[in-house]
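This is target11.txt (compact mmCIF, C-alpha atoms).
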```
# COMPACT_ATOMS: atom_id res chain seq x y z
CA MET A 1 -12.42 95.59 81.62
CA LYS A 2 -15.03 95.24 84.31
CA THR A 3 -14.24 92.90 87.16
CA VAL A 4 -16.18 89.67 87.57
CA GLU A 5 -18.26 91.25 90.32
CA GLU A 6 -19.17 94.17 88.08
CA ILE A 7 -20.06 91.85 85.20
CA LYS A 8 -22.23 89.85 87.57
CA ALA A 9 -24.04 93.01 88.67
CA ALA A 10 -24.49 94.10 85.04
CA ILE A 11 -25.94 90.69 84.12
CA GLU A 12 -28.32 90.74 87.05
CA ALA A 13 -29.49 94.24 86.10
CA ALA A 14 -30.09 93.21 82.49
CA VAL A 15 -31.49 89.71 83.00
CA PRO A 16 -33.73 89.64 86.08
CA GLY A 17 -33.43 86.44 88.08
CA ALA A 18 -30.35 85.25 86.23
CA GLY A 19 -28.89 83.87 89.45
CA VAL A 20 -25.24 84.18 88.46
CA GLU A 21 -22.69 82.88 90.93
CA ILE A 22 -18.98 83.60 91.02
CA VAL A 23 -16.66 80.61 91.07
CA GLN A 24 -13.41 81.75 92.67
CA ASN A 25 -10.07 80.73 91.25
CA PRO A 26 -7.72 80.55 94.25
CA GLY A 27 -4.59 80.42 92.07
CA PRO A 28 -2.34 83.38 91.36
CA ALA A 29 -4.09 83.90 88.01
CA ALA A 30 -7.27 84.72 89.99
CA GLN A 31 -9.32 84.13 86.86
CA HIS A 32 -12.71 83.91 88.50
CA SER A 33 -15.58 82.60 86.46
CA LEU A 34 -19.32 83.08 86.30
CA LEU A 35 -21.57 80.10 86.96
CA LEU A 36 -24.76 80.52 84.94
CA GLN A 37 -28.16 78.98 85.55
CA PRO A 38 -29.02 76.93 82.42
CA GLU A 39 -32.53 78.48 82.19
CA HIS A 40 -31.15 81.99 81.75
CA ALA A 41 -27.86 81.15 80.06
CA VAL A 42 -28.86 82.09 76.51
CA ASP A 43 -30.27 85.46 77.63
CA VAL A 44 -27.11 86.16 79.63
CA ALA A 45 -24.95 85.14 76.64
CA LYS A 46 -26.88 87.48 74.33
CA PHE A 47 -26.43 90.30 76.83
CA LEU A 48 -22.68 89.68 77.09
CA ARG A 49 -22.35 89.68 73.32
CA ASP A 50 -24.56 92.69 72.61
CA ASP A 51 -23.73 94.93 75.56
CA ALA A 52 -21.86 97.98 74.27
CA GLU A 53 -19.37 98.05 77.12
CA LEU A 54 -18.56 94.32 77.26
CA ALA A 55 -19.03 93.40 73.56
CA LEU A 56 -17.78 89.84 74.08
CA THR A 57 -18.12 88.92 70.43
CA PHE A 58 -15.50 86.20 70.25
CA LEU A 59 -15.99 82.77 71.79
CA SER A 60 -12.47 81.39 71.85
CA ASN A 61 -12.85 78.07 73.55
CA VAL A 62 -15.41 75.64 74.87
CA THR A 63 -14.38 72.74 77.02
CA GLY A 64 -15.91 70.15 79.31
CA VAL A 65 -15.06 68.96 82.79
CA ASP A 66 -16.30 65.80 84.43
CA TRP A 67 -16.83 65.92 88.17
CA PRO A 68 -17.57 62.40 89.35
CA ASP A 69 -19.60 61.55 92.46
CA LYS A 70 -17.51 62.33 95.49
CA GLU A 71 -17.63 60.24 98.62
CA ILE A 72 -16.90 62.40 101.63
CA THR A 73 -16.09 60.96 105.04
CA GLU A 74 -16.78 63.41 107.88
CA LYS A 75 -16.61 63.14 111.59
CA VAL A 76 -19.92 64.03 113.20
CA LYS A 77 -20.40 64.62 116.91
CA VAL A 78 -23.16 62.41 118.24
CA THR A 79 -24.54 62.43 121.80
CA LYS A 80 -25.32 58.93 123.01
CA MET A 81 -26.48 57.21 126.15
CA VAL A 82 -23.74 54.84 127.20
CA THR A 83 -23.82 52.32 130.01
CA LYS A 84 -20.75 52.78 132.16
CA THR A 85 -19.53 51.50 135.46
CA VAL A 86 -18.76 54.46 137.67
CA ASP A 87 -17.57 53.76 141.23
CA GLY A 88 -18.71 50.15 140.94
CA VAL A 89 -22.30 51.12 140.00
CA GLU A 90 -23.70 50.72 136.48
CA GLN A 91 -25.06 54.01 135.24
CA GLN A 92 -26.49 55.53 132.09
CA VAL A 93 -24.16 58.35 131.12
CA GLU A 94 -24.56 60.85 128.31
CA GLU A 95 -21.42 61.01 126.19
CA THR A 96 -20.40 62.87 123.05
CA VAL A 97 -18.68 60.64 120.54
CA GLU A 98 -17.18 61.47 117.17
CA GLU A 99 -18.51 59.13 114.52
CA PRO A 100 -17.28 58.91 110.93
CA ARG A 101 -20.06 59.34 108.44
CA LYS A 102 -20.01 58.90 104.70
CA ARG A 103 -22.08 60.93 102.33
CA VAL A 104 -21.98 61.03 98.54
CA GLU A 105 -21.82 64.40 96.90
CA PRO A 106 -23.43 63.95 93.48
CA GLY A 107 -21.21 64.68 90.51
CA TYR A 108 -22.03 66.75 87.46
CA LEU A 109 -20.72 67.65 84.05
CA GLU A 110 -19.45 71.15 83.54
CA VAL A 111 -19.01 73.18 80.38
CA VAL A 112 -16.62 76.13 80.34
CA TYR A 113 -16.70 78.96 77.80
CA HIS A 114 -13.93 81.52 77.30
CA LEU A 115 -15.04 84.82 75.83
CA TYR A 116 -13.03 87.72 74.44
CA SER A 117 -13.90 90.99 72.85
CA MET A 118 -12.38 91.76 69.47
CA THR A 119 -13.47 95.41 69.44
CA LYS A 120 -12.62 96.24 73.05
CA LYS A 121 -9.55 93.95 73.07
CA HIS A 122 -10.33 92.50 76.46
CA GLY A 123 -10.95 89.13 77.99
CA PRO A 124 -11.23 86.42 78.90
CA VAL A 125 -14.56 86.20 80.64
CA VAL A 126 -15.08 82.64 81.77
CA LEU A 127 -18.58 81.18 81.87
CA ARG A 128 -19.51 77.87 83.41
CA MET A 129 -22.65 75.77 83.30
CA ARG A 130 -23.33 72.59 85.21
CA THR A 131 -25.69 69.72 84.51
CA LYS A 132 -27.95 68.36 87.23
CA ASN A 133 -26.20 64.99 87.30
CA ARG A 134 -24.01 62.76 85.15
CA THR A 135 -26.56 60.21 84.00
CA ASP A 136 -30.00 61.36 82.80
CA ALA A 137 -30.25 65.12 83.35
CA VAL A 138 -27.34 66.16 81.16
CA GLU A 139 -29.04 68.83 79.05
CA LEU A 140 -27.56 72.31 78.81
CA PRO A 141 -28.56 75.13 76.47
CA SER A 142 -26.39 75.45 73.40
CA MET A 143 -24.45 78.65 72.82
CA THR A 144 -24.23 78.03 69.07
CA PRO A 145 -27.15 80.40 68.26
CA VAL A 146 -25.24 83.16 70.08
CA TRP A 147 -21.67 82.37 69.03
CA ARG A 148 -21.40 80.25 65.90
CA SER A 149 -17.88 79.13 66.79
CA ALA A 150 -19.32 76.98 69.57
CA GLU A 151 -20.80 74.52 67.09
CA PHE A 152 -17.95 72.03 66.61
CA GLN A 153 -16.65 72.36 70.15
CA GLU A 154 -20.07 71.63 71.59
CA ARG A 155 -20.29 68.62 69.30
CA GLU A 156 -16.94 67.47 70.66
CA ILE A 157 -18.16 67.86 74.25
CA PHE A 158 -21.33 65.97 73.35
CA ASP A 159 -19.15 63.24 71.86
CA LEU A 160 -16.53 62.92 74.59
CA PHE A 161 -18.46 63.94 77.73
CA GLY A 162 -22.07 63.25 76.81
CA VAL A 163 -23.52 66.70 77.50
CA VAL A 164 -26.66 67.17 75.40
CA PHE A 165 -26.92 70.72 74.09
CA THR A 166 -30.50 71.78 73.51
CA GLY A 167 -30.90 74.18 70.61
CA HIS A 168 -27.77 72.98 68.84
CA PRO A 169 -28.39 72.94 65.07
CA ASP A 170 -26.48 69.73 64.31
CA LEU A 171 -25.71 67.70 67.40
CA ARG A 172 -23.86 64.60 66.21
CA ARG A 173 -20.68 62.87 67.29
CA ILE A 174 -17.67 64.54 65.69
CA LEU A 175 -14.61 62.44 66.60
CA MET A 176 -15.98 59.00 67.34
CA TRP A 177 -18.29 57.15 64.96
CA GLU A 178 -22.07 56.96 64.92
CA GLY A 179 -23.16 54.05 67.07
CA PHE A 180 -20.32 54.46 69.57
CA LYS A 181 -21.87 54.25 73.01
CA ASP A 182 -19.26 55.57 75.46
CA HIS A 183 -17.98 59.02 76.36
CA PRO A 184 -14.20 58.57 76.47
CA MET A 185 -13.27 61.72 78.38
CA ARG A 186 -15.45 60.86 81.37
CA ARG A 187 -13.58 59.76 84.45
CA ASP A 188 -15.43 56.44 84.63
CA TYR A 189 -14.84 55.51 80.99
CA VAL A 190 -14.04 51.81 80.64
CA GLU A 191 -11.70 51.31 77.70
CA PRO A 192 -11.78 48.15 75.59
CA ASP A 193 -9.57 45.44 77.06
CA ASP A 194 -6.98 45.25 74.27
CA TYR A 195 -3.79 44.97 76.29
CA ASP A 196 -2.84 41.68 74.64
CA TYR A 197 0.45 42.94 73.23
CA GLU A 198 2.41 45.40 75.35
CA PRO A 199 6.11 44.68 74.81
CA THR A 200 7.40 47.76 76.64
CA ALA A 201 4.73 48.30 79.28
CA HIS A 202 5.41 50.22 82.46
CA ASP A 203 3.43 51.86 85.28
CA ALA A 204 -0.31 52.01 84.61
CA VAL A 205 -0.04 50.19 81.29
CA LEU A 206 1.95 47.40 82.91
CA ALA A 207 -0.75 46.97 85.56
CA LYS A 208 -3.45 46.83 82.87
CA ALA A 209 -1.43 44.37 80.75
CA THR A 210 -0.81 42.12 83.79
CA ALA A 211 -4.52 42.20 84.66
CA HIS A 212 -5.34 41.33 81.05
CA GLN A 213 -2.94 38.36 81.06
CA ALA A 214 -4.41 37.14 84.36
CA ARG A 215 -7.92 37.34 82.90
CA ILE A 216 -6.85 35.40 79.80
CA ALA A 217 -5.21 32.70 81.96
CA GLU A 218 -8.37 32.50 84.08
CA GLN A 219 -10.55 32.08 81.00
CA LYS A 220 -8.24 29.36 79.67
CA GLY A 221 -8.40 27.61 83.06
CA ALA A 222 -12.21 27.80 83.03
CA GLY A 223 -12.41 26.48 79.48
CA GLN A 224 -10.46 23.31 80.22
CA MET B 1 17.06 27.69 38.02
CA ALA B 2 19.75 30.18 38.84
CA VAL B 3 22.41 31.21 36.39
CA ASP B 4 26.01 30.90 37.52
CA GLU B 5 27.16 34.42 38.43
CA GLN B 6 30.65 34.06 36.91
CA LEU B 7 29.28 32.60 33.69
CA LYS B 8 26.80 35.42 33.48
CA ILE B 9 29.54 38.04 33.76
CA GLU B 10 31.70 36.22 31.22
CA MET B 11 28.85 35.96 28.72
CA GLY B 12 28.01 39.61 29.32
CA ARG B 13 31.52 40.49 28.16
CA GLN B 14 30.84 38.57 25.00
CA GLY B 15 27.66 40.51 24.40
CA VAL B 16 25.23 37.81 25.52
CA PHE B 17 22.75 38.71 28.25
CA VAL B 18 21.44 35.79 30.27
CA THR B 19 18.68 35.89 32.82
CA THR B 20 15.89 33.79 34.23
CA LEU B 21 12.21 34.44 33.96
CA GLU B 22 12.05 34.78 37.73
CA GLU B 23 14.73 37.43 37.77
CA LEU B 24 13.12 39.34 34.91
CA TYR B 25 9.70 39.13 36.48
CA ASN B 26 10.92 40.33 39.87
CA TRP B 27 13.00 43.08 38.26
CA GLY B 28 9.87 44.32 36.55
CA ARG B 29 7.86 44.08 39.74
CA ARG B 30 10.33 45.94 41.91
CA SER B 31 11.35 48.64 39.48
CA SER B 32 8.06 50.46 39.15
CA ILE B 33 6.28 50.34 42.46
CA TRP B 34 3.82 53.17 42.36
CA PRO B 35 2.77 54.35 45.80
CA MET B 36 -0.69 55.47 46.66
CA ASN B 37 -1.29 59.17 47.24
CA PHE B 38 -2.42 58.66 50.78
CA GLY B 39 -1.24 60.40 53.93
CA LEU B 40 -2.63 60.00 57.42
CA ALA B 41 -0.69 62.26 59.79
CA CYS B 42 2.64 64.01 60.29
CA CYS B 43 4.60 61.07 58.79
CA ALA B 44 2.93 62.00 55.50
CA ILE B 45 4.95 65.22 55.51
CA GLU B 46 8.15 63.17 55.62
CA MET B 47 6.74 60.95 52.88
CA ILE B 48 6.15 64.05 50.74
CA ALA B 49 9.70 65.23 51.47
CA THR B 50 10.99 61.83 50.33
CA THR B 51 9.34 62.23 46.95
CA MET B 52 10.73 65.71 46.40
CA ALA B 53 13.99 66.62 44.68
CA ARG B 54 16.26 66.40 47.71
CA TYR B 55 15.58 62.73 48.52
CA ASP B 56 13.91 61.80 45.23
CA LEU B 57 12.09 58.51 45.64
CA ALA B 58 11.73 58.53 41.84
CA ARG B 59 15.28 57.20 41.56
CA PHE B 60 13.94 53.83 42.69
CA GLY B 61 11.01 53.69 40.32
CA ALA B 62 8.37 55.11 42.64
CA GLU B 63 7.95 58.44 40.95
CA VAL B 64 4.22 58.51 40.41
CA PHE B 65 1.92 58.77 43.39
CA ARG B 66 -1.42 57.52 42.17
CA PRO B 67 -4.55 59.09 43.61
CA SER B 68 -6.54 55.90 43.03
CA PRO B 69 -5.99 52.56 44.77
CA ARG B 70 -6.74 50.82 41.47
CA GLN B 71 -3.54 52.19 39.94
CA ALA B 72 -1.27 51.92 42.96
CA ASP B 73 1.05 49.08 43.95
CA MET B 74 2.14 50.20 47.35
CA MET B 75 0.41 51.78 50.30
CA ILE B 76 2.51 53.78 52.74
CA ILE B 77 0.64 53.88 56.04
CA SER B 78 2.09 57.25 56.96
CA GLY B 79 0.84 58.12 60.41
CA THR B 80 -1.61 57.42 63.19
CA VAL B 81 -4.46 55.16 62.20
CA THR B 82 -7.47 56.16 64.23
CA LYS B 83 -10.20 53.64 64.88
CA LYS B 84 -12.52 55.75 62.77
CA MET B 85 -10.07 55.69 59.83
CA ALA B 86 -9.04 52.01 60.09
CA PRO B 87 -12.05 50.62 58.12
CA GLN B 88 -11.29 53.05 55.30
CA VAL B 89 -7.62 52.04 55.25
CA VAL B 90 -8.56 48.36 54.98
CA ARG B 91 -11.12 49.17 52.28
CA LEU B 92 -8.53 51.09 50.25
CA TYR B 93 -6.13 48.17 50.62
CA ASN B 94 -8.84 45.80 49.37
CA GLN B 95 -9.37 48.02 46.33
CA MET B 96 -5.71 47.81 45.30
CA ALA B 97 -4.81 45.29 42.60
CA GLU B 98 -2.29 42.53 43.25
CA PRO B 99 0.66 42.55 43.52
CA ARG B 100 0.41 45.09 46.32
CA TYR B 101 2.71 46.03 49.16
CA VAL B 102 2.38 47.87 52.44
CA ILE B 103 4.97 49.92 54.29
CA ALA B 104 3.97 50.83 57.85
CA MET B 105 5.75 54.11 58.39
CA GLY B 106 6.50 55.38 61.87
CA ALA B 107 5.74 54.46 65.45
CA CYS B 108 1.98 55.09 65.14
CA ALA B 109 1.43 52.93 62.08
CA ILE B 110 3.36 50.00 63.54
CA SER B 111 2.03 50.08 67.10
CA GLY B 112 -0.01 53.18 67.90
CA GLY B 113 3.14 54.98 68.99
CA PRO B 114 2.83 57.72 71.59
CA PHE B 115 -0.96 57.53 71.23
CA LYS B 116 -1.13 53.77 71.83
CA GLN B 117 -3.25 54.04 74.97
CA GLY B 118 -5.63 56.53 73.41
CA TYR B 119 -9.28 55.57 73.18
CA ASN B 120 -9.37 56.32 69.45
CA VAL B 121 -6.06 54.93 68.15
CA LEU B 122 -5.50 51.59 66.48
CA LYS B 123 -2.57 49.71 68.01
CA GLY B 124 -0.86 49.05 64.69
CA ILE B 125 -2.25 48.61 61.19
CA ASP B 126 -0.77 45.09 60.99
CA ARG B 127 -3.78 43.97 63.02
CA TYR B 128 -5.90 44.20 59.87
CA ILE B 129 -3.69 44.03 56.78
CA PRO B 130 -0.38 42.26 56.02
CA VAL B 131 2.56 44.67 56.29
CA ASP B 132 5.74 44.09 54.28
CA VAL B 133 8.11 46.56 55.91
CA HIS B 134 7.86 48.32 59.27
CA ILE B 135 9.87 51.52 59.85
CA PRO B 136 10.38 52.79 63.38
CA GLY B 137 10.76 56.52 64.07
CA CYS B 138 8.61 59.42 65.08
CA PRO B 139 8.56 60.43 62.32
CA PRO B 140 11.14 58.40 60.38
CA ARG B 141 13.54 60.50 58.35
CA PRO B 142 13.19 60.40 54.56
CA GLU B 143 16.35 58.26 54.48
CA ALA B 144 14.50 55.69 56.60
CA LEU B 145 11.64 55.60 54.12
CA LEU B 146 14.14 55.17 51.28
CA GLU B 147 15.76 52.35 53.26
CA ALA B 148 12.36 50.73 53.75
CA PHE B 149 11.66 51.06 50.05
CA ILE B 150 14.98 49.42 49.19
CA ALA B 151 14.24 46.69 51.75
CA LEU B 152 10.92 46.08 50.00
CA GLN B 153 12.70 45.86 46.64
CA LYS B 154 15.19 43.36 48.07
CA LYS B 155 12.30 41.34 49.48
CA ILE B 156 10.62 41.27 46.05
CA ASP B 157 13.89 40.32 44.37
CA ALA B 158 14.36 37.37 46.69
CA GLN B 159 10.90 35.93 46.15
CA PRO B 160 10.75 32.67 44.16
CA LEU B 161 7.79 32.46 41.78
CA THR B 162 6.93 28.89 42.68
CA GLY B 163 6.79 26.90 45.88
CA GLU B 164 5.71 27.79 49.38
CA ALA B 165 7.44 31.18 49.52
CA ARG B 166 5.88 32.51 46.31
CA PRO B 167 4.25 35.94 46.43
CA ARG B 168 0.63 36.16 47.43
CA HIS B 169 -0.71 37.09 44.01
CA LEU B 170 0.60 33.83 42.53
CA ASP B 171 -1.07 31.79 45.22
CA ALA B 172 -4.69 31.05 44.33
CA GLU B 173 -5.40 30.02 47.91
CA ALA B 174 -4.17 33.27 49.47
CA PRO B 175 -6.88 35.69 50.56
CA GLY B 176 -7.44 38.60 48.19
CA GLU B 177 -9.82 40.55 50.33
CA PHE B 178 -9.38 41.35 53.99
CA PRO B 179 -12.41 41.84 56.22
CA VAL B 180 -13.17 45.48 56.93
CA PRO B 181 -13.65 46.03 60.67
CA GLU B 182 -17.04 47.31 61.73
CA PRO B 183 -17.33 50.25 64.12
CA GLY B 184 -18.94 48.73 67.19
CA GLU B 185 -20.47 50.13 70.36
CA HIS B 186 -17.19 50.24 72.28
CA ASP B 187 -14.43 49.32 69.83
CA LEU B 188 -13.82 48.11 66.30
CA GLU B 189 -15.20 44.64 65.70
CA PRO B 190 -13.22 42.49 65.44
CA ALA B 191 -10.32 44.12 67.32
CA ALA B 192 -7.85 42.31 65.05
CA ASN B 193 -7.89 40.02 62.02
CA THR B 194 -6.52 36.82 63.52
CA SER B 195 -5.59 35.37 60.12
CA VAL B 196 -3.20 38.28 59.61
CA TRP B 197 -2.12 39.11 63.16
CA THR B 198 -1.52 36.90 66.15
CA VAL B 199 -0.23 38.16 69.46
CA PRO B 200 3.56 38.16 69.09
CA VAL B 201 5.52 36.25 71.70
CA VAL B 202 7.75 38.56 73.72
CA ILE B 203 11.12 37.01 74.50
CA ARG B 204 12.93 38.67 77.40
```
Rewritten as structure tokens:
Amino acid sequence: MKTVEEIKAAIEAAVPGAGVEIVQNPGPAAQHSLLLQPEHAVDVAKFLRDDAELALTFLSNVTGVDWPDKEITEKVKVTKMVTKTVDGVEQQVEETVEEPRKRVEPGYLEVVYHLYSMTKKHGPVVLRMRTKNRTDAVELPSMTPVWRSAEFQEREIFDLFGVVFTGHPDLRRILMWEGFKDHPMRRDYVEPDDYDYEPTAHDAVLAKATAHQARIAEQKGAGQ
Amino acid sequence: MAVDEQLKIEMGRQGVFVTTLEELYNWGRRSSIWPMNFGLACCAIEMIATTMARYDLARFGAEVFRPSPRQADMMIISGTVTKKMAPQVVRLYNQMAEPRYVIAMGACAISGGPFKQGYNVLKGIDRYIPVDVHIPGCPPRPEALLEAFIALQKKIDAQPLTGEARPRHLDAEAPGEFPVPEPGEHDLEPAANTSVWTVPVVIR
């Protein structure tokens, strides 16, 4: 099979302006993936499926990844004017100081596709797509028109991660019920507080159960 | 009124069979408990094995699995009850005719089991419907289900037909229908039926 770099070149030759990036996998598997731009993703997918040499006809797996907002603390060198007493005389001295600075790297939702070829017996080719953010711009193009097997798995990702697939023929929740508001597989999912009976709690569950009991006691105290 | 055991045996030798209405009634009740044809997860496979020739639940009068709740006497909650399935389980229970019994089979049905902290798993079916027998195990062996069935029969046998401890179907005040939980925005509403389930006190 072609290497990821060769596939990238082939895509860029076939779909002008596709803007494919390679996401390196530093592990020993070295299974690098291709990050697609959502605008060109369907064209790229059609090329990968229909290209005689690649013939990636089988979409084996679709999954989601939640990357929450990351707060990064860096040390930045800042030059400042500092008043200092040198040899008994107050002077303005220029000094370089390292200052910690915090910046928030916005998070995103990611969808990963694993492709194989049934005729050429090769694979996997890993595709990724990322949403703009985790709140309002969560649309990604659906791959269901290209590979039908994506249908239920994209519905599952819509259900559990909240990625909205445009062009999906039947985008409804699949595991949770209609009217359910949360996306349980997101990192910031707040589960219902039902830790009222945990007879054998330990570790994280014990902490949650203890917090629940404290909250109940507080409410009782407030009610009296 | 109970018959003296010794007298009963003695009269039996003479060809006279003595019983009480209570005994006869309970014998009838416990000897033909038809389960509902209803499986939820992997425990259902063990339930099926229990009904087959090797373990043969039919020996105890539970030979016919009825595909309709109207014709069934007993519901075996065999497996994980998801929050999406819980309203349907309660609805099926409501559709069963009295007298009706529930066996909660396996870790999931009694508490949520290994999936207890999952976002989609009910932490025990006894939060919504009254359960007669709980069986631990993951999954319980067919012998455990047989044991639970025998325990249920013993429970029926020991029930007096009058007084405080009488079975629910002879008590006009007892609730016949149990509220079906509504799927809410974050969880089932209500999270438990407080008339059936209260938070058990843990004694350490």
Proximity to Val125 (chain A) - best of A:Val138, A:Val190, A:Ala18, A:Leu35, only C-alpha atoms: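 Closest to Val125 (chain A) of all the choices is A:Leu35.
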Selected residue, from B:Ala107, B:Met96, B:Ala144, B:Leu161, that lies nearest to Gly176 (chain B) when counting only C-alpha atoms: B:Met96
Can you check which residues of chain A have any atom within 6 Å of chain B? Use all atoms listed in the file and format it as a PDB file with C-alpha atoms, in the coordinates of the input.
```
ATOM      1  CA  GLY A 179     -23.160  54.050  67.070  1.00  0.00           C
ATOM      2  CA  PHE A 180     -20.320  54.460  69.570  1.00  0.00           C
ATOM      3  CA  LYS A 181     -21.870  54.250  73.010  1.00  0.00           C
TER       4      LYS A 181
END
```
Counting all atoms listed in the file, the option among A:Met176, A:Val76, A:Met118, A:Val111 closest to Thr96 (chain A):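 The shortest atom-to-atom distance to Thr96 (chain A) comes from A:Val76.
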Nearest to His40 (chain A), chosen from A:Ala9, A:Lys70, A:Met129, A:His168, with only C-alpha atoms counted in the distances: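 Among A:Ala9, A:Lys70, A:Met129, A:His168, it is A:Met129 that comes nearest to His40 (chain A).
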